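Have a look at the structure below, then the notes.
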Amino acid sequence: MYRLAAVLVLSLWQALAAADLTIEITEGVQGAIPVAIVPFHWPDEGASLPEDVGAIVAADLARSGRFRILPERDMLSRPTSGAEVDFRDWRTLGQDALVVGQVQPNGPDGYLVQFQLFDVLRGEQMAAYSVPTSTRGLRLTAHQIADIVYEKLTGAPGAFATRIAYITEERGRDGVRRVSLKVSDADGYHPQTIVSSTEPLMSPAWSPDGRRLAYVSFEHKRQSVYLQEVLTGNREPVAAYEGINSAPAWSPDGRRLALVLSREGNPEIYVLDLASRGLTRITRNFAIDTEPAWSPDGRTLVFTSDRGGTPQIYQVAAGGGEPRRVTFEGTYNARASYSPDGRSLVLVTRRGGVFRIGLLSLANGALQELTGGPLDESPSFAPNGSMIIYGAKVGGRGELSAVSADGRVRQRIIVDAGDVREPAWSPLSK
């Protein structure tokens, strides 16, 4: 591994200084792919673009930890199209790939973003796109370009055009605590408050289409599960039974919620059909069963239970049946969820009083610790399976961090104010 120099991080993130979240790469992969992102040409010298498309693409790729971005000051030339590219310049600089592009006016409040991706060693074009967009859509377009470049160079889909939900907690000057559920772009831009309350909010979960969030609210002094549309703000309670209503998890088809209810006395896993509001009880045990999560194919659920004496992860058929224990290392394993390919579980594991994020192989039961603790919690996979976002305690304050699924790339996500916790990564944009 290598530690990226602070000056590199700062130079890549100059354009991102206004974000409510700042993502700082702390460790990356040795042998990262060298890529040059030439500043995108804008023909109107009398007016600046509202967004620097090339800088956003470069920042996205840099924070993945899998690319080494060439500083603009080291470029020997600045082509704006493939016709202007002299591959000898980029081979001299040791670059494997090159991105060039331009932004053209395209009607009122409109732009046409064009870019090309080249394999420098072969001197061949790998991708070329022309994307119409608007002032509001420029950042999203840049993220989509980064996704294309990422996929062409790694073979896996990018996740830069996704969003992150998270909980913040702050105290105002009047001393009143304010808890908010927020959503931002994956790079921390465009943060919006989905709901805010003086009572606790917790457990945000994205619907498979990325249009709604399920979460737990304690408003009116009662614990309830709500569904809320991200775009319109429309919301409705879907579980407000006596006792515990918590830990909502969407089924892959978006038609059901797994959740924890104590309506019959003990906390158990249930599945709620959102159309009929019918409930199916999944677990039956005197222990505490909690934190359900669906497999990608919708056939099974994993959950946390202390039925064996300590919190461990169990697996059960989505329609009910006899649960099967799947974690055996250590005395505490909790908050599990499946990787997008269904081959592993990310979870919170405790060793010697230190809580870390771990990755469990479902094929052989091997548990790999990905983080160092001491209080890491609430892991959530990126929809392409490359990264895991999680909550961490730093100096007694809640922050967000991210780690690659192989543990080699690490990021610290800094929020301007308040404690931050319970991140949830959205599905891929459709």
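A note on labels: chains of the structure tokens are A, B, ... as shown, every chain counts residues from 1, and ligands are counted from 1 in their shown order.
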Subject >> Polymer residues at most 10 Å from Glu72 of chain A, only C-alpha atoms, same-chain spacing of 4 or more positions, as a VMD selection string >> reply: chain A and resid 11 to 12 36 to 39 55 76 to 78
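Proximity to Ala318 of chain A at 8 Å, evaluated using only C-alpha atoms and with sequence-adjacent residues fewer than 6 positions away removed, yields Ile282, Trp294, Gly298, Arg299, Thr300 and Leu301 of chain A.
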Original post:
Using only C-alpha atoms, which residues sit within 12 Å of segment 33-35 of chain A once same-chain residues fewer than 4 positions away are excluded, as an MDAnalysis selection string?
Top reply: chainID A and resid 28:29 57:59 61:62 64:72 75 90:91 93:100 117:121 146 149:150 153:154
Original post:
Counting only C-alpha atoms, which of A:Gln192, A:Ser361, A:Gln102, A:Ser401 gets nearest to Leu375 of chain A?
Top reply: A:Ser401
Original post:
Out of A:Ala424, A:Thr198, A:Ser305, A:Pro105, which residue has the shortest atom-to-atom distance to Gly172 of chain A when counting only C-alpha atoms?
Top reply: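 Smallest distance to Gly172 of chain A is found for A:Thr198.
Atom CA of Asn384 of chain A is positioned 17.5 Å from atom CA of Leu360 of chain A.
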Selection: 12 Å around Gly365 of chain A, only C-alpha atoms, excl. self and same-chain fewer than 3 positions, as a compact mmCIF listing (two decimals) with N, CA, C and O atoms, in the first residue's frame:
```txt
# COMPACT_ATOMS: atom_id res chain seq x y z
N ILE A 313 -24.69 -14.28 13.42
CA ILE A 313 -25.49 -14.15 12.20
C ILE A 313 -26.11 -15.49 11.85
O ILE A 313 -25.45 -16.53 11.86
N ARG A 325 -27.08 -21.08 11.58
CA ARG A 325 -26.02 -20.16 12.01
C ARG A 325 -24.92 -20.13 10.96
O ARG A 325 -24.51 -21.19 10.44
N VAL A 326 -24.41 -18.94 10.65
CA VAL A 326 -23.38 -18.83 9.61
C VAL A 326 -22.08 -18.20 10.11
O VAL A 326 -21.07 -18.22 9.41
N THR A 327 -22.06 -17.62 11.33
CA THR A 327 -20.80 -17.08 11.88
C THR A 327 -20.40 -17.89 13.11
O THR A 327 -21.24 -18.20 13.96
N PHE A 328 -19.11 -18.20 13.19
CA PHE A 328 -18.61 -19.01 14.29
C PHE A 328 -17.32 -18.45 14.89
O PHE A 328 -16.88 -18.91 15.95
N GLU A 329 -16.69 -17.49 14.22
CA GLU A 329 -15.47 -16.88 14.76
C GLU A 329 -15.84 -15.73 15.69
O GLU A 329 -16.58 -14.83 15.33
N ARG A 343 -22.10 -13.59 -2.61
CA ARG A 343 -21.09 -14.56 -2.22
C ARG A 343 -20.51 -14.32 -0.83
O ARG A 343 -19.83 -15.18 -0.29
N SER A 344 -20.77 -13.15 -0.27
CA SER A 344 -20.19 -12.84 1.03
C SER A 344 -21.14 -11.95 1.82
O SER A 344 -22.12 -11.42 1.30
N LEU A 345 -20.83 -11.81 3.11
CA LEU A 345 -21.57 -10.94 4.00
C LEU A 345 -20.60 -9.92 4.59
O LEU A 345 -19.50 -10.28 5.03
N GLY A 358 -16.02 -6.55 9.04
CA GLY A 358 -15.47 -7.80 8.52
C GLY A 358 -16.22 -8.27 7.29
O GLY A 358 -17.35 -7.85 7.03
N LEU A 359 -15.57 -9.14 6.53
CA LEU A 359 -16.18 -9.72 5.34
C LEU A 359 -16.12 -11.24 5.47
O LEU A 359 -15.04 -11.83 5.62
N LEU A 360 -17.30 -11.86 5.44
CA LEU A 360 -17.42 -13.30 5.62
C LEU A 360 -17.69 -13.98 4.29
O LEU A 360 -18.66 -13.65 3.60
N SER A 361 -16.84 -14.92 3.91
CA SER A 361 -17.07 -15.72 2.71
C SER A 361 -18.12 -16.78 3.02
O SER A 361 -17.95 -17.57 3.95
N LEU A 362 -19.19 -16.82 2.24
CA LEU A 362 -20.22 -17.83 2.45
C LEU A 362 -19.80 -19.18 1.91
O LEU A 362 -20.40 -20.20 2.25
N GLN A 368 -12.64 -12.08 7.16
CA GLN A 368 -11.53 -11.15 6.99
C GLN A 368 -11.89 -9.81 7.63
O GLN A 368 -12.93 -9.24 7.33
```
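For the set A:Glu377, A:Glu369, A:Asp297, A:Asp174, the residue with the smallest atom-to-atom gap to Arg335 of chain A is A:Glu377, counting only C-alpha atoms.
Taking atom CA of Asp109 of chain A as the reference point, atom CA of Ser134 of chain A is found at 5.7 Å.
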**OP:** Find the residues around segment 235-242 of chain A up to 12 Å (only C-alpha atoms counted), leave out those fewer than 6 positions away in its own chain, and share them as a ChimeraX atom specification.
**Re:** /A:194-195,211-229,248,256-267,270-279
Subject >> Pick from A:Ala165, A:Ile269, A:Val409, A:Ala249 nearest to Pro323 of chain A, counting only C-alpha atoms >> reply: A:Ile269
